[in-house]
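Have a look at upload_26.tsv; it's TSV, C-alpha atoms and all ligand atoms:
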```tsv
chain	number	residue	atom	x	y	z
A	1334	MET	CA	15.43	13.22	10.33
A	1335	PHE	CA	14.99	10.70	13.13
A	1336	ILE	CA	13.66	11.66	16.57
A	1337	GLY	CA	11.91	14.75	15.16
A	1338	HIS	CA	9.33	12.48	13.51
A	1339	PHE	CA	8.22	11.27	16.93
A	1340	GLY	CA	7.22	14.81	17.86
A	1341	ILE	CA	4.31	14.52	15.43
A	1342	ALA	CA	3.30	11.25	17.12
A	1343	PHE	CA	3.24	13.05	20.49
A	1344	ILE	CA	0.99	15.77	19.04
A	1345	LEU	CA	-1.39	13.23	17.49
A	1346	SER	CA	-1.57	11.23	20.72
A	1347	TYR	CA	-2.46	14.39	22.62
A	1348	PHE	CA	-5.49	15.05	20.43
A	1349	PHE	CA	-6.49	11.38	20.13
A	1350	PRO	CA	-5.60	9.83	23.51
A	1351	SER	CA	-7.80	6.76	22.97
A	1352	ILE	CA	-5.36	5.50	20.32
A	1353	PRO	CA	-2.19	3.89	21.75
A	1354	LEU	CA	0.96	5.99	21.27
A	1355	TRP	CA	2.79	3.11	19.59
A	1356	VAL	CA	0.33	3.32	16.66
A	1357	PHE	CA	1.32	6.96	16.05
A	1358	LEU	CA	5.01	6.17	16.60
A	1359	THR	CA	4.69	3.46	13.94
A	1360	ALA	CA	2.82	5.74	11.52
A	1361	VAL	CA	5.38	8.55	11.62
A	1362	SER	CA	8.21	6.00	11.31
A	1363	PHE	CA	6.60	3.89	8.62
A	1364	PRO	CA	8.52	5.28	5.60
A	1365	ASP	CA	11.82	4.66	7.42
A	1366	LEU	CA	10.73	1.16	8.46
A	1367	LEU	CA	9.86	0.29	4.86
A	1368	TRP	CA	12.88	2.00	3.29
A	1369	PRO	CA	15.56	-0.34	4.77
A	1370	ILE	CA	13.65	-3.39	3.59
A	1371	LEU	CA	13.32	-1.97	0.05
A	1372	VAL	CA	17.01	-1.03	0.02
A	1373	LEU	CA	18.07	-4.50	1.18
A	1374	ILE	CA	15.97	-6.24	-1.50
A	1375	GLY	CA	17.27	-3.83	-4.16
A	1376	LYS	CA	14.03	-1.97	-4.92
A	1377	GLU	CA	15.34	1.38	-3.68
A	1378	LYS	CA	18.85	2.73	-3.94
A	1379	VAL	CA	21.12	4.68	-1.62
A	1380	ILE	CA	24.84	5.42	-1.84
A	1381	VAL	CA	26.72	5.82	1.43
A	1382	ASN	CA	30.25	7.17	1.46
A	1383	LYS	CA	32.03	5.21	4.20
A	1384	ASN	CA	34.57	8.02	4.58
A	1385	ASN	CA	32.03	10.77	5.14
A	1386	PRO	CA	29.79	10.69	8.23
A	1387	PHE	CA	27.41	13.53	7.27
A	1388	MET	CA	23.81	12.85	6.31
A	1389	SER	CA	24.13	15.54	3.64
A	1390	ASP	CA	26.56	13.22	1.86
A	1391	VAL	CA	24.23	10.21	1.80
A	1392	LYS	CA	22.84	9.96	-1.73
A	1393	PHE	CA	19.26	8.77	-1.81
A	1394	GLU	CA	19.33	7.83	-5.50
A	1395	SER	CA	15.88	6.32	-5.67
A	1396	TYR	CA	13.18	5.82	-3.06
A	1397	PRO	CA	9.82	6.39	-4.75
A	1398	TYR	CA	7.94	3.64	-2.91
A	1399	SER	CA	8.88	4.66	0.63
A	1400	HIS	CA	9.53	8.41	0.32
A	1401	SER	CA	7.39	10.01	-2.37
A	1402	LEU	CA	4.49	12.23	-1.49
A	1403	MET	CA	1.94	10.68	-3.85
A	1404	LEU	CA	2.88	7.07	-4.64
A	1405	SER	CA	3.92	6.28	-1.06
A	1406	SER	CA	0.66	7.70	0.28
A	1407	LEU	CA	-1.22	5.23	-1.91
A	1408	PHE	CA	0.76	2.34	-0.41
A	1409	TYR	CA	0.32	3.73	3.08
A	1410	CYS	CA	-3.45	3.60	2.57
A	1411	ILE	CA	-3.04	-0.19	2.66
A	1412	SER	CA	-1.01	-0.17	5.90
A	1413	ALA	CA	-3.41	2.38	7.42
A	1414	ALA	CA	-6.36	0.14	6.52
A	1415	ILE	CA	-4.64	-2.93	8.02
A	1416	PHE	CA	-3.92	-1.13	11.32
A	1417	SER	CA	-7.42	0.26	11.36
A	1418	ILE	CA	-9.01	-3.18	10.83
A	1419	ILE	CA	-6.76	-5.04	13.29
A	1420	LEU	CA	-7.28	-2.45	16.03
A	1421	GLU	CA	-10.97	-2.08	15.14
A	1422	ASN	CA	-10.85	1.69	15.04
A	1423	ILE	CA	-11.86	3.51	11.84
A	1424	LEU	CA	-10.21	6.70	13.09
A	1425	ILE	CA	-6.80	5.07	12.78
A	1426	PHE	CA	-7.08	5.05	8.98
A	1427	PRO	CA	-6.89	8.85	8.42
A	1428	LEU	CA	-4.62	9.44	11.42
A	1429	PHE	CA	-2.11	6.85	10.24
A	1430	LEU	CA	-2.00	8.62	6.89
A	1431	VAL	CA	-1.46	11.96	8.61
A	1432	GLY	CA	1.49	10.35	10.41
A	1433	THR	CA	3.08	8.95	7.24
A	1434	ALA	CA	2.50	12.24	5.35
A	1435	SER	CA	4.13	14.18	8.21
A	1436	HIS	CA	7.20	12.00	7.72
A	1437	TRP	CA	7.49	13.24	4.13
A	1438	PHE	CA	7.12	16.89	5.09
A	1439	LEU	CA	9.70	16.73	7.90
A	1440	ASP	CA	12.12	14.81	5.67
A	1441	TYR	CA	11.51	17.48	3.02
A	1442	LEU	CA	12.98	20.06	5.41
A	1443	TYR	CA	16.13	18.05	6.07
A	1444	HIS	CA	16.89	16.06	2.91
A	1445	MET	CA	18.88	17.35	-0.03
A	1446	HIS	CA	17.09	17.73	-3.38
A	1447	ASP	CA	16.30	14.02	-3.61
A	1448	MET	CA	12.75	13.59	-2.36
A	1449	PRO	CA	10.33	12.48	-5.07
A	1450	VAL	CA	6.96	14.21	-5.22
A	1451	LYS	CA	4.96	11.91	-7.48
A	1452	GLY	CA	7.13	8.81	-7.24
A	1453	PHE	CA	6.49	7.83	-10.84
A	1454	GLY	CA	7.01	9.14	-14.38
A	1455	LYS	CA	8.83	12.40	-14.97
A	1456	ASP	CA	9.22	13.48	-11.39
A	1457	LYS	CA	10.30	16.53	-9.48
A	1458	LYS	CA	12.76	16.05	-6.61
A	1459	VAL	CA	12.68	18.42	-3.68
A	1460	GLY	CA	14.30	19.04	-0.30
A	1461	LEU	CA	15.30	22.10	1.71
A	1462	SER	CA	18.72	20.59	2.57
A	1463	MET	CA	18.84	21.56	6.24
A	1464	TRP	CA	21.33	18.72	6.70
A	1465	LYS	CA	23.90	21.00	5.04
A	1466	ASN	CA	24.31	22.76	8.38
A	1467	GLY	CA	24.68	19.77	10.68
A	1468	PRO	CA	24.88	21.50	14.12
A	1469	VAL	CA	21.86	23.73	13.39
A	1470	ALA	CA	19.89	20.74	12.06
A	1471	PHE	CA	20.84	18.75	15.17
A	1472	PHE	CA	19.55	21.36	17.61
A	1473	ILE	CA	16.38	22.23	15.68
A	1474	GLU	CA	15.40	18.56	15.59
A	1475	LEU	CA	16.21	18.13	19.28
A	1476	ILE	CA	14.34	21.28	20.33
A	1477	PHE	CA	11.28	20.30	18.27
A	1478	TYR	CA	11.29	16.85	19.90
A	1479	LEU	CA	11.69	18.25	23.43
A	1480	ILE	CA	8.98	20.89	23.00
A	1481	THR	CA	6.44	18.38	21.63
A	1482	ALA	CA	7.29	15.88	24.39
A	1483	ILE	CA	6.83	18.50	27.13
A	1484	LEU	CA	3.69	20.07	25.66
A	1485	PHE	CA	1.84	17.05	24.35
A	1486	LEU	CA	2.75	13.96	26.38
A	1487	PRO	CA	1.09	13.22	29.73
A	1488	SER	CA	3.42	14.60	32.41
A	1489	ARG	CA	4.21	11.14	33.82
A	1490	PHE	CA	5.80	10.13	30.47
A	1491	VAL	CA	7.72	13.31	29.74
A	1492	LEU	CA	10.93	12.44	31.58
A	1493	SER	CA	11.31	8.99	29.98
A	1494	ALA	CA	10.53	10.47	26.55
A	1495	ILE	CA	13.21	13.14	27.02
A	1496	GLU	CA	15.75	10.54	28.14
A	1497	MET	CA	14.95	8.29	25.19
A	1498	GLY	CA	15.10	11.16	22.73
A	1499	LEU	CA	18.46	12.33	24.06
A	1500	ILE	CA	19.96	8.84	23.94
A	1501	PHE	CA	18.77	8.16	20.37
A	1502	HIS	CA	19.67	11.63	19.09
A	1503	LEU	CA	23.15	11.50	20.64
A	1504	ALA	CA	23.67	8.04	19.17
A	1505	ASN	CA	22.94	9.64	15.79
A	1506	SER	CA	24.96	12.80	16.45
A	1507	ASN	CA	28.03	11.95	14.38
A	1508	SER	CA	25.95	12.31	11.23
A	1509	PHE	CA	25.40	15.99	12.19
A	1510	PHE	CA	28.79	16.94	13.69
A	1511	GLY	CA	31.21	14.56	12.00
A	1512	TYR	CA	33.65	14.29	14.93
A	1513	ILE	CA	34.50	10.78	13.69
A	1514	LYS	CA	35.46	11.12	10.06
A	1515	LYS	CA	34.17	7.70	9.03
A	1516	ASN	CA	30.50	6.94	8.56
A	1517	SER	CA	29.81	5.14	11.84
A	1518	LEU	CA	27.00	3.15	10.20
A	1519	GLY	CA	29.31	1.70	7.55
A	1520	GLY	CA	28.03	0.88	4.05
A	1521	TYR	CA	24.48	1.09	2.76
A	1522	LYS	CA	23.40	-2.32	4.04
A	1523	THR	CA	24.45	-1.75	7.66
A	1524	ASN	CA	23.07	1.78	7.31
A	1525	ALA	CA	19.68	0.42	6.27
A	1526	ILE	CA	19.67	-2.20	9.04
A	1527	MET	CA	20.62	0.36	11.69
A	1528	VAL	CA	17.85	2.71	10.54
A	1529	PHE	CA	15.31	-0.09	10.86
A	1530	VAL	CA	16.64	-1.18	14.26
A	1531	GLY	CA	16.70	2.42	15.53
A	1532	TYR	CA	13.07	3.11	14.67
A	1533	PHE	CA	11.91	-0.33	15.78
A	1534	LEU	CA	13.63	0.03	19.16
A	1535	PHE	CA	12.19	3.49	19.71
A	1536	ILE	CA	8.65	2.30	18.91
A	1537	VAL	CA	8.95	-0.72	21.22
A	1538	LEU	CA	10.53	1.27	24.07
A	1539	GLY	CA	8.12	4.17	23.55
A	1540	GLY	CA	5.19	1.75	23.62
A	1541	ILE	CA	6.43	0.09	26.81
A	1542	LEU	CA	7.41	3.26	28.67
A	1543	THR	CA	4.18	5.07	27.91
A	1601	ZN	ZN	12.57	9.20	6.01
```

Could you render the structure from this file as structure tokens?
Amino acid sequence: MFIGHFGIAFILSYFFPSIPLWVFLTAVSFPDLLWPILVLIGKEKVIVNKNNPFMSDVKFESYPYSHSLMLSSLFYCISAAIFSIILENILIFPLFLVGTASHWFLDYLYHMHDMPVKGFGKDKKVGLSMWKNGPVAFFIELIFYLITAILFLPSRFVLSAIEMGLIFHLANSNSFFGYIKKNSLGGYKTNAIMVFVGYFLFIVLGGILT
């Protein structure tokens, strides 16, 4: 999942308007900002088939540090504390953790059975595999994003949020529809870099536009 995560940031910013939106955008993205770095330094493993564009075919072999429910949450306590201290707002600590936890639960809906629960020891891997039906997954994610943007963002930001969401989601659409039979992101390294760049760009643009 990509733009769908930002829907949770819109909801959080609605209930806590004193905290800048970019903080929530960062929190919900955090696992996917950390994951590319861990993949590139060899701490987490993914296998990307260059001849298959679908997300359901990407094999997340190991990602306990960035994408487990328990171990990752422990690490995210550190990032939540850092954000909370730098921005001098104690409320950011629990809200940042809500954002990172929401990432796990939304990924759980979309990922195949590869999401670690504990992240250590004898672990259970879960995932509801919604990526198996690419077109349905595409529209559910888009609709969720649009509804949260319309309902929870201040009206003056809604149009730019919709435009941004559409652009980013369409840029990612081949992984749902597979109209180009090659994986447009290439191998696992370019895949990891593009994921990082995608989230980073959205956070920066979202922060500027709102
Ligand atoms: Zn993720």

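Nearest-residue note for Leu1518 of chain A: choosing from A:Met1403, A:Leu1486, A:Val1450, A:Met1388, the minimum distance belongs to A:Met1388, counting all atoms listed in the file.
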
**OP:** Write as a list in words the residues around ligand ZN 1601 (chain A), taking 7 Å as the cut-off and counting only C-alpha atoms and all ligand atoms.
**Re:** Met1334, Pro1364, Asp1365, His1400, His1436, Trp1437 and Asp1440 of chain A

**OP:** Within 6 Å of Phe1387 of chain A, counting only C-alpha atoms, which residues show up once you throw out same-chain ones fewer than 3 positions away? Write them as a PyMOL selection string, please.
**Re:** chain A and resi 1390+1508-1509

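Put simply, atom CA of Ile1341 of chain A is 23.0 Å away from atom CA of His1446 of chain A.
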
**OP:** Would you list the contacts of segment 1423-1428 of chain A as JSON, numbers by chain, taking every protein, DNA or RNA residue within 10 Å and counting only C-alpha atoms, but skipping same-chain residues closer than 3 positions in sequence?
**Re:** {"A": [1342, 1345, 1346, 1349, 1352, 1356, 1357, 1360, 1409, 1410, 1411, 1412, 1413, 1414, 1415, 1416, 1417, 1418, 1420, 1431, 1432, 1433, 1434]}

Subject >> Separation of atom CA of Phe1477 of chain A from atom CA of Leu1371 of chain A in Å >> reply: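 We find that atom CA of Leu1371 of chain A and atom CA of Phe1477 of chain A lie 28.8 Å from each other.
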
**OP:** Work out how far apart atom CA of Tyr1443 of chain A and atom CA of Trp1464 of chain A are and give it in Å to one decimal.
**Re:**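 Answer for the atom CA of Tyr1443 of chain A to atom CA of Trp1464 of chain A separation: 5.3 Å.
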
Original post:
How would you write as a VMD selection string the residues that get within 10 Å of (13.0, 16.3, 18.1) in the file's frame, counting all atoms listed in the file?
Top reply: chain A and resid 1334 to 1341 1471 to 1482 1495 1498 to 1499 1502

Subject >> Polymer residues at most 7 Å from Gly1452 of chain A, only C-alpha atoms, same-chain spacing of 6 or more positions, as a ChimeraX atom specification >> reply: /A:1397-1398,1401,1403-1404

Original post:
Using all atoms listed in the file, which residue out of A:Ile1526, A:Pro1386, A:Lys1455, A:Gly1531 lies closest to Gly1467 of chain A?
Top reply: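 Of A:Ile1526, A:Pro1386, A:Lys1455, A:Gly1531, the one nearest Gly1467 of chain A, counting all atoms listed in the file, is A:Pro1386.
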
Original post:
From the set A:Asn1382, A:Ser1506, A:Ser1493, A:Ser1405, which residue has the shortest atom-to-atom contact distance to Lys1451 of chain A, counting only C-alpha atoms?
Top reply: A:Ser1405

Original post:
Nearest to Phe1529 of chain A: which of A:Phe1363, A:Ile1541, A:Glu1377, A:Lys1514 is it, counting all atoms listed in the file?
Top reply: A:Phe1363

**OP:** Point out the residue among A:Leu1366, A:Leu1442, A:Val1391, A:Val1361 with the least atom-to-atom distance to Met1527 of chain A, counting only C-alpha atoms.
**Re:** A:Leu1366
